[in-house]
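Encoded as structure tokens, the structure appears first; notes follow it.
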Amino acid sequence: MSAHAYKKKNPIWDWLTTVDHKKIGILYLASGAFFFLIGGLEAILLRVQLLYPEFNFVGAETFNQLLTMHGTTMIFLAAMPLIFGFMNAIIPLQIGARDVAFPFLNSLGFWLFSAGGILLNLGWFMGGAADAGWTGYAPLSTTSPGNGVDFYVLGLQVSGIGTLIGGINFLVTIINMRAPGMTFMRMPLFTWSSFITSGLILFAFPALTIGLALLMFDRLFGTQFFAAEAGGNPIIYEHLFWIFGHPEVYILVLPAFGMFSEIIATFARKRLFGYSAMVFATALIGFLGFMVWVHHMFTVGLGPIANSIFAVATMLIAVPTGVKIFNWLFTMWGGKVSFPTANLFAVGFIPSFVLGGMTGVMLSVPPADYQYHDSYFVVAHFHYVIVGGVVFGLFAGMYYWWPKIFGTMLNEVLGKLHFWLFFIGFHLTFFPMHFLGLMGMPRRVYTYLSGQSLDEANFAATIGAFLMGLATIIMVWNIIQTAVKGKKAGNDPWDGRTLEWAISSPAPEYNFAQTPLVRGLDAWWLEKRASNKAMVPAEPLDDIHMPDASILPFLLSLGFFIASLAAIFANWTIAIGGLGVVALAMILRSVIDYHGYHIHKEDLPDEGGEDK
Amino acid sequence: MKPEAMNKLPANPERATLDGKNKFLGFWFFLGGETVLFASLFGVYLGLRNATNGGVTANELFELPLVFIATMLLLTSSLTSVFATMALKTNQFKRMIGWFVVTGLLGLAFLGLEIYEFTHYVHEYEHTIRSSAWGSAFYTLVGTHGAHVFVGISWITLLIIRNLKRGMDLYTAPKFYLFALYWHFIDVVWIFIFTVVYLMGKVG
């Protein structure tokens, strides 16, 4: 099983079998971008439906499906893989590692995610997509006719297993694979926040696994978990979903916080203000994130004591978040701040996210929440947090790390156009929704009546959505232009601070010809201040061990895909066959020895490819 | 520890290589996730344990002697897997395989009892996964544990067959060690099932 590094490989086979974290990162980024475009298209269709009162553009049933799939797609199939894409592409480089801890599992995580993503969207072509909201609350989801919710349940289940695997991989990678001298308190903030996010994934996703499994049992096997008429309790589903769902918010936003911390420091040309406070604030947000899930359920009627405890816990989260906001501001204070597109998104994020944070504190007050609950105020709040936080972060990260991942520079003029159109469109869409909500417009309803002062704000919101759509088209155009004839990027185009900028763009297969010795926070910046042209190596030049490529992750995911699809249509023979493929792939993985192969030191380019 | 038994393997052969260290740590994290998985199922069970829908109740259904035997089988299998781990650490390959075979057989006996128990409930009491929310919660929680036992038995069988002729080295040691970790975890979960499901069902 030892494929040699320099043998010419079939590119399709190469991408299907790759265990290189940089290639898996690109796979994640590409499929995340694809689903982001689908989710965006769904959003535009939703907004067109709401353009005028009593408009009939897509109709109520399609609206429900679009709404469900927009939320589900954006959270699970766009934001999650895009974050995993950046984690894969960047973290091993930032900690000075040659590879992740589990290259095989890393590939398995990606293929499971993509199998689940395709499964979820197959609903559109096989009798209707899921229509019970992205939360899939029982009993709406258990009684929803057709197969739409089955696609939701099994698609999310399969992709969720992939996410869990990815989380474990990054936890172990960050603990075990750091270069000499890269202590925990010298790790870049993106690595830190991804580390904490991975921990949240590990402890949050199993709750979703159980919630979805019980939903599947109720739908496919006739169990009574959520059937109140047989003694079941639908509130249990809400608890399980939000025990997962609230940490999920932090799973998404913490890596974005990490990206901002690096981008703001790089473009202020100052070290991050309050590094250790940032680390502990991130950990505290992660910790508190598990103790606030009931604030999604204030109106369920769990009683004043439960509501008060969770309200206080929720308000507490504002404290570490506030610490972060001030640290970003102080990082820029007195710095030589420049504004390429990456930093525009980072700086634009701060006021946008603060608005979302403020409405979050408003929502954390249970009596007030009875007023806001299930209204457009909530829609405004979480889009300010998720678009203003996560999406801005992903865009900032894209412009910042594109040269390191692909070796070319994105066009800055198109980039700035992208930022301004998106920034204006974003606020135009979601700011009016606060008022729509306060005036009583319920979320998830496909139309509204005229003469209730809802017309203008809805119209404005739809125009804003068009602007965001236009901005996205410009971004896609920028990417295509860059792919065709992009300017070559140097190793260190931004005069960066962290280790990934010390090696060539894109990074070679083995990342570091010699493992670097880390001598402080902002390791690469320190060496540059000491007039060093490269990192000091921590080991002599030697043969480099590389992991074997494997098709088994793809096969295993295919097995799950077949089994799930067959289960949706209650074809149990094929379903068991699919699980047989899964078992076979696992057995083969256990029985075949994977010893990897070596790249010989004589075959390495001079100076490990670090010549400029 | 006899000197010849050491045979140049380090003290903790399962963690002596980077690969072994990664597996060791990664598997502990995996067990952390499994803990949340079972905690969720226990929460669901506690929420639904009185939701019998007018059917048979826990007190009428459970027979402690059967559960006691099952518990003893599983607890003993945990002990034998400790013996196997001790043999692993002292590089006594044959002894380790022997104890793992005993562990697997005890697990198989446990699984047999569980299958008997389930069919007994279904046929004698018409207590099925569909008959009440409690039934759904019972079969899902205990069944998920049983599925874990099944996976464990398949895993150790495969490991033994594959590595029987290879002996112990730094490549095979982590594989066996991880199985032992997994087996202990299954055992701990069963202790909670015994308490929360069976004892509380009888006296709670």
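Ordering of the structure tokens sets the chain letters (A, B, ...); residue numbers start at 1 within each chain; ligands are numbered from 1 in the order shown.
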
From a DSSP calculation on the backbone, collect every residue of range 200-385 of chain A in alpha helix (DSSP H) and output the set as a PyMOL selection string.
-> chain A and resi 200-216+234-268+275-288+304-332+341-363+366-372+376-385

Residues of chain B within 9 Å of chain A, counting only C-alpha atoms, as JSON, numbers by chain | {"B": [18, 19, 21, 22, 23, 25, 26, 27, 29, 30, 32, 33, 34, 35, 36, 37, 38, 39, 40, 41, 43, 44, 47, 48, 50, 51, 52, 53, 129, 130, 131, 132, 133, 134, 135, 136, 137, 140, 155, 158, 159, 162, 163]}

Which of these, B:Ile161, B:Leu111, B:Val197, B:Val203, has the shortest distance to Leu73 in chain B once you count only C-alpha atoms?
-> B:Leu111

Spatial neighbours of Leu51 in chain A, 12 Å, only C-alpha atoms, chain gap at least 6 places, as a list of chain:residue names |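 Listed by chain and then number, they are A:Ile44, A:Leu45, A:Phe57, A:Val58, A:Thr429, A:Tyr446, A:Thr447, A:Tyr448, A:Leu449, A:Ser450, A:Leu454, A:Asp455, A:Glu456, A:Ala457, A:Asn458, A:Phe459, A:Ala460, A:Ala461, A:Thr462, A:Ile463, A:Gly464, A:Ala465, A:Phe466.
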
All residues 10 Å or closer to Leu355 in chain A, only C-alpha atoms, same chain fewer than 3 positions away omitted, as a list in words =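 Residues meeting the cut-off are Phe349, Ile350, Pro351, Ser352, Met358, Thr359, Gly360, Ala380, His381, Tyr384, Val385, Gly388 and Phe431 of chain A.
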
Surrounding residues of range 93-105 of chain B excluding itself and chain neighbours under 2 positions, 12 Å, only C-alpha atoms, as a ChimeraX atom specification | /B:5-7,9,73-91,107-112,149-169,172-173,176-177,179-180,183-184,187

Shell of 7 Å around Leu112 in chain A, only C-alpha atoms, local chain residues under 4 positions omitted, as a ChimeraX atom specification = /A:108,116,158-159,162,557

Exercise: Leu417 in chain A partners within 12 Å, only C-alpha atoms, chain neighbours under 2 positions left out, as a list in words | Pro340, Thr341, Leu344, Phe345, Asn411, Glu412, Val413, Leu414, Gly415, Phe419, Trp420, Leu421, Phe422, Phe423, Ile424, Gly425, Leu467, Met468, Leu470, Ala471, Thr472, Ile473, Ile474, Met475, Trp477 and Asn478 of chain A

Using C-alpha atoms, can you export the residues from the last selection as a PDB file, in the first residue's frame?
```pdb
ATOM      1  CA  PRO A 340      -6.745  45.073   2.948  1.00  0.00           C
ATOM      2  CA  THR A 341      -9.985  43.126   2.445  1.00  0.00           C
ATOM      3  CA  LEU A 344     -11.978  45.203   6.421  1.00  0.00           C
ATOM      4  CA  PHE A 345     -14.019  42.122   7.226  1.00  0.00           C
ATOM      5  CA  ASN A 411      -7.861  40.544  -6.268  1.00  0.00           C
ATOM      6  CA  GLU A 412      -8.067  43.343  -3.689  1.00  0.00           C
ATOM      7  CA  VAL A 413     -10.273  45.692  -5.751  1.00  0.00           C
ATOM      8  CA  LEU A 414     -12.911  43.021  -6.243  1.00  0.00           C
ATOM      9  CA  GLY A 415     -12.378  42.053  -2.617  1.00  0.00           C
ATOM     10  CA  PHE A 419     -16.844  43.660   1.408  1.00  0.00           C
ATOM     11  CA  TRP A 420     -18.763  46.910   0.982  1.00  0.00           C
ATOM     12  CA  LEU A 421     -21.674  45.372  -0.917  1.00  0.00           C
ATOM     13  CA  PHE A 422     -21.907  42.550   1.587  1.00  0.00           C
ATOM     14  CA  PHE A 423     -21.566  44.806   4.616  1.00  0.00           C
ATOM     15  CA  ILE A 424     -24.262  47.224   3.440  1.00  0.00           C
ATOM     16  CA  GLY A 425     -26.520  44.431   2.210  1.00  0.00           C
ATOM     17  CA  LEU A 467     -26.986  43.123  -2.383  1.00  0.00           C
ATOM     18  CA  MET A 468     -25.475  40.216  -0.451  1.00  0.00           C
ATOM     19  CA  LEU A 470     -24.463  40.435  -5.739  1.00  0.00           C
ATOM     20  CA  ALA A 471     -21.495  40.593  -3.356  1.00  0.00           C
ATOM     21  CA  THR A 472     -21.281  36.796  -3.425  1.00  0.00           C
ATOM     22  CA  ILE A 473     -21.315  36.774  -7.237  1.00  0.00           C
ATOM     23  CA  ILE A 474     -18.402  39.223  -7.188  1.00  0.00           C
ATOM     24  CA  MET A 475     -16.583  36.964  -4.743  1.00  0.00           C
ATOM     25  CA  TRP A 477     -15.875  36.015  -9.976  1.00  0.00           C
ATOM     26  CA  ASN A 478     -12.812  37.000  -7.953  1.00  0.00           C
TER      27      ASN A 478
END
```

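A straight line drawn from CA of Thr321 in chain A to CA of Val253 in chain A is 11.0 Å long.
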
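CA of Trp134 in chain A lies 19.3 Å from CA of Met433 in chain A.
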
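Nearest to Thr135 in chain A of all the residues A:Leu212, A:Met362, A:Ile196, A:Leu302 is A:Leu212, based on only C-alpha atoms.
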
Hey, which bits of range 13-61 of chain A sit within 10 Å of range 497-514 of chain A, and for each residue what's the closest pair of atoms and how far apart in Å (one decimal), counting only C-alpha atoms, rows by chain and increasing number, as a tab-separated table?
```
residue	atom	partner	partner_atom	distance
A:Asp20	CA	A:Glu509	CA	7.3
A:His21	CA	A:Glu509	CA	9.1
A:Lys22	CA	A:Glu509	CA	8.0
A:Lys23	CA	A:Glu509	CA	9.3
```

Restricting the output to C-alpha atoms, write the selected residues as a PDB file, in the first residue's frame.
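Dumped to selection14.pdb:
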```pdb
ATOM      1  CA  ASP A  20      -2.968  15.151   3.177  1.00  0.00           C
ATOM      2  CA  HIS A  21      -4.558  17.652   5.556  1.00  0.00           C
ATOM      3  CA  LYS A  22      -3.986  20.503   3.108  1.00  0.00           C
ATOM      4  CA  LYS A  23      -5.867  18.708   0.337  1.00  0.00           C
TER       5      LYS A  23
END
```

Which residue, A:Asn88, A:Thr314, A:Gln157, A:Ser198, has the smallest gap to Gly289 in chain A when you use only C-alpha atoms?
-> A:Thr314
